[in-house]
Amino acid sequence: MIPLVLAMMACKPDVSPNETAPPDDSPSGDSGPVAVVDEDGDGFPAWWTTDDPTLADCDDSDTSVTPETERYVRPGTFWRGGGENADTQPAREIELSPYCVDRLEVTNRQLVTLLEERAARGFDNVTDDGQTIYDFDDIDDHVPERIERAEDGSFNVLDGYDDHPVVEVYYWSALTYCADNGKTLPTEAQWEKAARGDTDQRSFPWGDEVPDCSQANVRPTWEGEGANTVEPCVNDTVAVGSYPDGASPFGVLDMAGNVAEWVADWYQPQYYETSTNVDPDGPDQGWDGYPADQPSLARVSRGGNFATGYAAIQVFTRYVEPDWASSNGLGFRCARPLTPPS
């Protein structure tokens with residue numbers, strides 16, 4: 001396809017109150033209009049020619065990738081950490097290279113598509129190295145599995161759950177899905193910047209205001225004694241994208257509540273004390289040190305879920321997840337590494 005080159009309009013595009021308008025200067029630092037490239041002709045300029053997450057095309061060779069599916073997170077610093085937990089200290093500025101992140105969590109229907117494609121290649125509900133992708137045998141909670149196996153071996157989504165975020169998936173399941181789609185899991189730092197933005201130290205994706213049930217699928221109370229007597233907003237997952245008022249500054253949705261999300265990093269409680277300030281990608285190994293005499297390999301999840309309270313959905317909160325676990329409140333979204341054209 002012949003690249004389409006457009007002249008950037010002098011006026012700024014309309015953006016929602018929760019989304020970040022582009023800067024006055026061009027990404028290169030030159031003043032005046034910037035020539036932008038739209039190779040796939042979908043009307044969205046390539047990410048390296050605009051700083052506006054509502055316009056930037058994260059894959060300008062694929063018309064199915066638009067700002068509706070992936071959001072561009074521009075390079076630069078953001079504030080990582082905060083709160084009162086020791087594992088989120090010290091809070092400080094971290095610098096990240098540009099990347100994109102899925103605007104929505106991966107859904108049950110999207111995972112079924114992956115399962116079907118892999119089964120056709122001889123990998124029946126397993127990763128390339130034989131690990132289970134979807135936990136059909138989960139018996140540790142009262143919530144029925146959202147994906148069922150038919151007698152003919154096909155995969156079906158429970159009625160009404162196609163567009164709900166997938167749960168009962170393992171860390172390696174998330175890695176496999178993202179890799180098969182040309183992406184990765186976001187690092188902790190990438191996840192937090194996409195949720196928090198790069199202009200302030202807000203506690204929630206939308207700001208510092210404690211949410212109500214119009215902004216997040218959550219248990220509307222702070223954790224502590226008596227919290228479990230407060231009914232969750234829904235007490236189940238809801239379709240992805242159901243809370244536009246809870247959007248992050250980059251326009252990413254569902255980063256607070258609904259389901260928690262696997263990220264790429266191992267968990268270490270003191271990691272923030274020693275991590276690099278530029279593109280941190282997590283420690284080399286991780287563990288859950290509680291109880292102290294029974295440590296286990298552990299990863300990190302972010303964002304809280306429909307049954308957790310306000311503290312869990314704060315953008316800086318880190319949750320410990322056993323490396324081998326799946327859960328009815330744990331899903332994921334993917335990130336896309338970006339390399340500027342030569």
# chains A, B, ... in the order shown; residues from 1 in each chain; ligands from 1

$ select_by_dssp --residues "stretch 207-341 of chain A" --states "alpha helix (DSSP H)" --output "compact mmCIF listing (two decimals) with C-alpha atoms, in the first residue's frame"
# COMPACT_ATOMS: atom_id res chain seq x y z
CA TYR A 271 12.13 -3.96 44.37
CA TYR A 272 11.39 -0.21 44.23
CA GLU A 273 14.39 0.45 46.45
CA THR A 274 16.83 -0.98 43.90

$ residues_around --residues "A:Val106" --least-positions-apart "4" --cutoff "7 Å" --atoms "only C-alpha atoms" --output "PyMOL selection string"
chain A and resi 110+165-166+332-333

$ write_last_selection --atoms "N, CA and C atoms" --output "PDB file, in the first residue's frame"
ATOM      1  N   GLN A 110     -12.171 -13.372  22.788  1.00  0.00           N
ATOM      2  CA  GLN A 110     -10.831 -13.275  22.209  1.00  0.00           C
ATOM      3  C   GLN A 110      -9.966 -14.464  22.615  1.00  0.00           C
ATOM      4  N   PRO A 165     -14.218  -9.634  30.546  1.00  0.00           N
ATOM      5  CA  PRO A 165     -12.790  -9.961  30.567  1.00  0.00           C
ATOM      6  C   PRO A 165     -12.576 -11.427  30.912  1.00  0.00           C
ATOM      7  N   VAL A 166     -11.637 -12.047  30.236  1.00  0.00           N
ATOM      8  CA  VAL A 166     -11.343 -13.442  30.524  1.00  0.00           C
ATOM      9  C   VAL A 166     -10.713 -13.556  31.909  1.00  0.00           C
ATOM     10  N   PHE A 332      -6.073 -10.035  32.072  1.00  0.00           N
ATOM     11  CA  PHE A 332      -4.884  -9.350  31.562  1.00  0.00           C
ATOM     12  C   PHE A 332      -5.232  -8.489  30.356  1.00  0.00           C
ATOM     13  N   ARG A 333      -4.297  -7.644  29.984  1.00  0.00           N
ATOM     14  CA  ARG A 333      -4.285  -6.937  28.709  1.00  0.00           C
ATOM     15  C   ARG A 333      -2.854  -6.959  28.199  1.00  0.00           C
TER      16      ARG A 333
END

$ closest_residue --among "A:Ile133, A:Ile147, A:Val238, A:Ala179" --to "A:Asp254" --atoms "only C-alpha atoms"
A:Val238

$ closest_atom_pairs --of "stretch 133-186 of chain A" --to "stretch 97-102 of chain A" --cutoff "12 Å" --atoms "only C-alpha atoms" --output "tab-separated table"
residue	atom	partner	partner_atom	distance
A:Cys178	CA	A:Asp102	CA	10.3
A:Asn181	CA	A:Asp102	CA	11.5
A:Lys183	CA	A:Val101	CA	9.2
A:Thr184	CA	A:Val101	CA	9.4
A:Leu185	CA	A:Val101	CA	9.0
A:Pro186	CA	A:Val101	CA	7.5

$ residues_around --residues "A:Tyr134" --least-positions-apart "3" --cutoff "8 Å" --atoms "only C-alpha atoms" --output "list in words"
Asn125, Glu168, Val169, Tyr170 and Ser173 of chain A

$ write_last_selection --atoms "N, CA and C atoms" --output "mmCIF file, in the first residue's frame"
data_model
loop_
_atom_site.group_PDB
_atom_site.id
_atom_site.type_symbol
_atom_site.label_atom_id
_atom_site.label_comp_id
_atom_site.auth_asym_id
_atom_site.auth_seq_id
_atom_site.Cartn_x
_atom_site.Cartn_y
_atom_site.Cartn_z
ATOM 1 N N ASN A 125 -5.434 -26.343 24.124
ATOM 2 C CA ASN A 125 -5.473 -25.659 25.421
ATOM 3 C C ASN A 125 -4.138 -25.713 26.143
ATOM 4 N N GLU A 168 -9.590 -16.895 35.037
ATOM 5 C CA GLU A 168 -9.125 -18.286 35.143
ATOM 6 C C GLU A 168 -8.010 -18.583 34.136
ATOM 7 N N VAL A 169 -7.128 -17.619 33.971
ATOM 8 C CA VAL A 169 -5.960 -17.803 33.114
ATOM 9 C C VAL A 169 -4.696 -17.604 33.946
ATOM 10 N N TYR A 170 -3.661 -18.303 33.567
ATOM 11 C CA TYR A 170 -2.391 -18.250 34.278
ATOM 12 C C TYR A 170 -1.497 -17.160 33.689
ATOM 13 N N SER A 173 -0.446 -18.150 30.379
ATOM 14 C CA SER A 173 -1.550 -18.016 29.421
ATOM 15 C C SER A 173 -1.556 -16.618 28.822
#

$ select_by_dssp --residues "stretch 165-290 of chain A" --states "strand (DSSP E)" --output "ChimeraX atom specification"
/A:260-266

$ write_last_selection --atoms "C-alpha atoms" --output "PDB file, in the first residue's frame"
ATOM      1  CA  ALA A 260      -7.109  -7.514  38.221  1.00  0.00           C
ATOM      2  CA  GLU A 261      -4.448  -7.890  35.537  1.00  0.00           C
ATOM      3  CA  TRP A 262      -1.285  -9.919  35.225  1.00  0.00           C
ATOM      4  CA  VAL A 263       1.818  -7.858  34.473  1.00  0.00           C
ATOM      5  CA  ALA A 264       5.210  -9.100  33.347  1.00  0.00           C
ATOM      6  CA  ASP A 265       7.196  -8.598  36.545  1.00  0.00           C
ATOM      7  CA  TRP A 266       8.225 -10.989  39.269  1.00  0.00           C
TER       8      TRP A 266
END

$ closest_residue --among "A:Thr88, A:Pro249, A:Asp288, A:Arg299" --to "A:Asp52" --atoms "only C-alpha atoms"
A:Pro249

$ closest_residue --among "A:Asn258, A:Gln314, A:Thr339, A:Thr237" --to "A:Trp206" --atoms "only C-alpha atoms"
A:Gln314

$ closest_residue --among "A:Gly329, A:Pro53, A:Gly182, A:Gly309" --to "A:Thr221" --atoms "only C-alpha atoms"
A:Gly309

$ residues_around --residues "A:Glu188" --least-positions-apart "4" --cutoff "9 Å" --atoms "only C-alpha atoms" --output "number ranges by chain"
A: 192-193, 263-265, 280-282, 300-302, 318

$ write_last_selection --atoms "N, CA and C atoms" --output "PDB file, in the first residue's frame"
ATOM      1  N   GLU A 192       1.421   0.982  35.205  1.00  0.00           N
ATOM      2  CA  GLU A 192       1.114   2.099  36.097  1.00  0.00           C
ATOM      3  C   GLU A 192       1.081   3.426  35.353  1.00  0.00           C
ATOM      4  N   LYS A 193       1.986   3.625  34.410  1.00  0.00           N
ATOM      5  CA  LYS A 193       1.958   4.876  33.647  1.00  0.00           C
ATOM      6  C   LYS A 193       0.693   4.966  32.801  1.00  0.00           C
ATOM      7  N   VAL A 263       0.778  -8.633  35.140  1.00  0.00           N
ATOM      8  CA  VAL A 263       1.818  -7.858  34.473  1.00  0.00           C
ATOM      9  C   VAL A 263       3.062  -8.736  34.373  1.00  0.00           C
ATOM     10  N   ALA A 264       4.073  -8.248  33.688  1.00  0.00           N
ATOM     11  CA  ALA A 264       5.210  -9.100  33.347  1.00  0.00           C
ATOM     12  C   ALA A 264       6.132  -9.400  34.522  1.00  0.00           C
ATOM     13  N   ASP A 265       6.151  -8.550  35.528  1.00  0.00           N
ATOM     14  CA  ASP A 265       7.196  -8.598  36.545  1.00  0.00           C
ATOM     15  C   ASP A 265       7.026  -9.720  37.568  1.00  0.00           C
ATOM     16  N   PRO A 280      12.427   0.166  33.751  1.00  0.00           N
ATOM     17  CA  PRO A 280      12.579  -1.006  34.627  1.00  0.00           C
ATOM     18  C   PRO A 280      11.715  -2.160  34.125  1.00  0.00           C
ATOM     19  N   ASP A 281      12.282  -3.357  34.115  1.00  0.00           N
ATOM     20  CA  ASP A 281      11.527  -4.518  33.637  1.00  0.00           C
ATOM     21  C   ASP A 281      11.389  -5.591  34.704  1.00  0.00           C
ATOM     22  N   GLY A 282      11.549  -5.196  35.963  1.00  0.00           N
ATOM     23  CA  GLY A 282      11.303  -6.113  37.062  1.00  0.00           C
ATOM     24  C   GLY A 282      12.531  -6.881  37.490  1.00  0.00           C
ATOM     25  N   VAL A 300       3.112 -10.382  39.883  1.00  0.00           N
ATOM     26  CA  VAL A 300       2.375  -9.193  40.304  1.00  0.00           C
ATOM     27  C   VAL A 300       1.104  -9.065  39.480  1.00  0.00           C
ATOM     28  N   SER A 301       0.022  -8.647  40.131  1.00  0.00           N
ATOM     29  CA  SER A 301      -1.163  -8.204  39.407  1.00  0.00           C
ATOM     30  C   SER A 301      -1.463  -6.771  39.808  1.00  0.00           C
ATOM     31  N   ARG A 302      -2.219  -6.101  38.968  1.00  0.00           N
ATOM     32  CA  ARG A 302      -2.551  -4.696  39.191  1.00  0.00           C
ATOM     33  C   ARG A 302      -4.040  -4.449  38.952  1.00  0.00           C
ATOM     34  N   ARG A 318       0.270  -2.803  44.468  1.00  0.00           N
ATOM     35  CA  ARG A 318       0.839  -4.033  43.909  1.00  0.00           C
ATOM     36  C   ARG A 318       0.213  -5.228  44.633  1.00  0.00           C
TER      37      ARG A 318
END

$ residues_around --residues "A:Ala227" --least-positions-apart "2" --cutoff "12 Å" --atoms "only C-alpha atoms" --output "PyMOL selection string"
chain A and resi 218-225+229-232+307-311

$ write_last_selection --atoms "C-alpha atoms" --output "mmCIF file, in the first residue's frame"
data_model
loop_
_atom_site.group_PDB
_atom_site.id
_atom_site.type_symbol
_atom_site.label_atom_id
_atom_site.label_comp_id
_atom_site.auth_asym_id
_atom_site.auth_seq_id
_atom_site.Cartn_x
_atom_site.Cartn_y
_atom_site.Cartn_z
ATOM 1 C CA VAL A 218 -15.548 -2.548 42.636
ATOM 2 C CA ARG A 219 -16.654 -3.038 46.242
ATOM 3 C CA PRO A 220 -17.417 0.605 47.170
ATOM 4 C CA THR A 221 -15.575 0.831 50.476
ATOM 5 C CA TRP A 222 -12.074 1.001 51.899
ATOM 6 C CA GLU A 223 -10.559 -2.295 52.992
ATOM 7 C CA GLY A 224 -10.661 -3.028 56.706
ATOM 8 C CA GLU A 225 -12.955 -4.334 59.398
ATOM 9 C CA THR A 229 -20.434 -6.458 54.657
ATOM 10 C CA VAL A 230 -20.556 -3.855 51.870
ATOM 11 C CA GLU A 231 -22.018 -5.289 48.684
ATOM 12 C CA PRO A 232 -19.918 -4.955 45.519
ATOM 13 C CA ALA A 307 -14.813 -7.781 44.856
ATOM 14 C CA THR A 308 -11.953 -5.608 46.144
ATOM 15 C CA GLY A 309 -12.187 -2.193 47.785
ATOM 16 C CA TYR A 310 -10.735 1.220 47.038
ATOM 17 C CA ALA A 311 -7.194 0.506 48.216
#

$ residues_around --residues "A:Arg118" --least-positions-apart "2" --cutoff "12 Å" --atoms "only C-alpha atoms" --output "ChimeraX atom specification"
/A:111-116,120-128,130,133,154-155,176-177,180

$ write_last_selection --atoms "N, CA and C atoms" --output "mmCIF file, in the first residue's frame"
data_model
loop_
_atom_site.group_PDB
_atom_site.id
_atom_site.type_symbol
_atom_site.label_atom_id
_atom_site.label_comp_id
_atom_site.auth_asym_id
_atom_site.auth_seq_id
_atom_site.Cartn_x
_atom_site.Cartn_y
_atom_site.Cartn_z
ATOM 1 N N LEU A 111 -10.098 -14.917 23.858
ATOM 2 C CA LEU A 111 -9.310 -16.080 24.262
ATOM 3 C C LEU A 111 -9.782 -17.339 23.539
ATOM 4 N N VAL A 112 -11.094 -17.486 23.346
ATOM 5 C CA VAL A 112 -11.600 -18.644 22.612
ATOM 6 C C VAL A 112 -11.032 -18.665 21.193
ATOM 7 N N THR A 113 -10.940 -17.504 20.565
ATOM 8 C CA THR A 113 -10.333 -17.435 19.234
ATOM 9 C C THR A 113 -8.907 -17.977 19.272
ATOM 10 N N LEU A 114 -8.158 -17.583 20.306
ATOM 11 C CA LEU A 114 -6.794 -18.100 20.452
ATOM 12 C C LEU A 114 -6.800 -19.611 20.657
ATOM 13 N N LEU A 115 -7.675 -20.111 21.540
ATOM 14 C CA LEU A 115 -7.729 -21.545 21.814
ATOM 15 C C LEU A 115 -8.039 -22.332 20.543
ATOM 16 N N GLU A 116 -8.963 -21.819 19.740
ATOM 17 C CA GLU A 116 -9.325 -22.507 18.501
ATOM 18 C C GLU A 116 -8.161 -22.512 17.515
ATOM 19 N N ALA A 120 -6.073 -25.943 16.324
ATOM 20 C CA ALA A 120 -5.917 -26.315 14.916
ATOM 21 C C ALA A 120 -4.460 -26.587 14.559
ATOM 22 N N ARG A 121 -3.542 -26.056 15.362
ATOM 23 C CA ARG A 121 -2.114 -26.278 15.120
ATOM 24 C C ARG A 121 -1.561 -27.411 15.991
ATOM 25 N N GLY A 122 -2.456 -28.094 16.733
ATOM 26 C CA GLY A 122 -2.019 -29.219 17.542
ATOM 27 C C GLY A 122 -1.717 -28.891 18.988
ATOM 28 N N PHE A 123 -2.049 -27.670 19.426
ATOM 29 C CA PHE A 123 -1.819 -27.277 20.817
ATOM 30 C C PHE A 123 -3.176 -27.085 21.489
ATOM 31 N N ASP A 124 -3.732 -28.167 22.012
ATOM 32 C CA ASP A 124 -5.085 -28.155 22.551
ATOM 33 C C ASP A 124 -5.091 -27.613 23.977
ATOM 34 N N ASN A 125 -5.434 -26.343 24.124
ATOM 35 C CA ASN A 125 -5.473 -25.659 25.421
ATOM 36 C C ASN A 125 -4.138 -25.713 26.143
ATOM 37 N N VAL A 126 -3.061 -25.672 25.391
ATOM 38 C CA VAL A 126 -1.735 -25.652 26.010
ATOM 39 C C VAL A 126 -0.843 -24.655 25.288
ATOM 40 N N THR A 127 0.154 -24.178 26.021
ATOM 41 C CA THR A 127 1.181 -23.324 25.446
ATOM 42 C C THR A 127 2.135 -24.175 24.610
ATOM 43 N N ASP A 128 3.090 -23.538 23.986
ATOM 44 C CA ASP A 128 4.052 -24.277 23.162
ATOM 45 C C ASP A 128 4.834 -25.301 23.974
ATOM 46 N N GLY A 130 3.540 -26.886 26.643
ATOM 47 C CA GLY A 130 2.642 -27.841 27.278
ATOM 48 C C GLY A 130 1.929 -27.382 28.528
ATOM 49 N N ILE A 133 -3.576 -23.467 29.313
ATOM 50 C CA ILE A 133 -3.915 -22.061 29.079
ATOM 51 C C ILE A 133 -5.130 -21.649 29.897
ATOM 52 N N SER A 154 -14.977 -28.450 20.884
ATOM 53 C CA SER A 154 -14.948 -27.010 20.608
ATOM 54 C C SER A 154 -15.093 -26.214 21.901
ATOM 55 N N PHE A 155 -14.794 -24.943 21.816
ATOM 56 C CA PHE A 155 -14.842 -24.054 22.976
ATOM 57 C C PHE A 155 -16.032 -23.106 22.839
ATOM 58 N N THR A 176 1.309 -16.159 26.426
ATOM 59 C CA THR A 176 1.069 -16.845 25.155
ATOM 60 C C THR A 176 0.101 -16.063 24.282
ATOM 61 N N TYR A 177 -0.996 -15.587 24.867
ATOM 62 C CA TYR A 177 -1.963 -14.811 24.089
ATOM 63 C C TYR A 177 -1.300 -13.574 23.497
ATOM 64 N N ASP A 180 1.235 -14.481 20.719
ATOM 65 C CA ASP A 180 0.585 -14.926 19.487
ATOM 66 C C ASP A 180 -0.047 -13.769 18.732
#

$ closest_residue --among "A:Gly286, A:Gly251, A:Pro90, A:Pro211" --to "A:Cys233" --atoms "only C-alpha atoms"
A:Pro211

$ atom_distance --atom1 "atom CA of A:Val210" --atom2 "atom CA of A:His164"
24.3 Å

$ atom_distance --atom1 "atom CA of A:Ala312" --atom2 "atom CA of A:Ala256"
8.4 Å

$ closest_residue --among "A:Tyr161, A:Trp48, A:Tyr243, A:Tyr171" --to "A:Leu330" --atoms "only C-alpha atoms"
A:Tyr171

$ atom_distance --atom1 "atom CA of A:Asn305" --atom2 "atom CA of A:Ala247"
15.7 Å
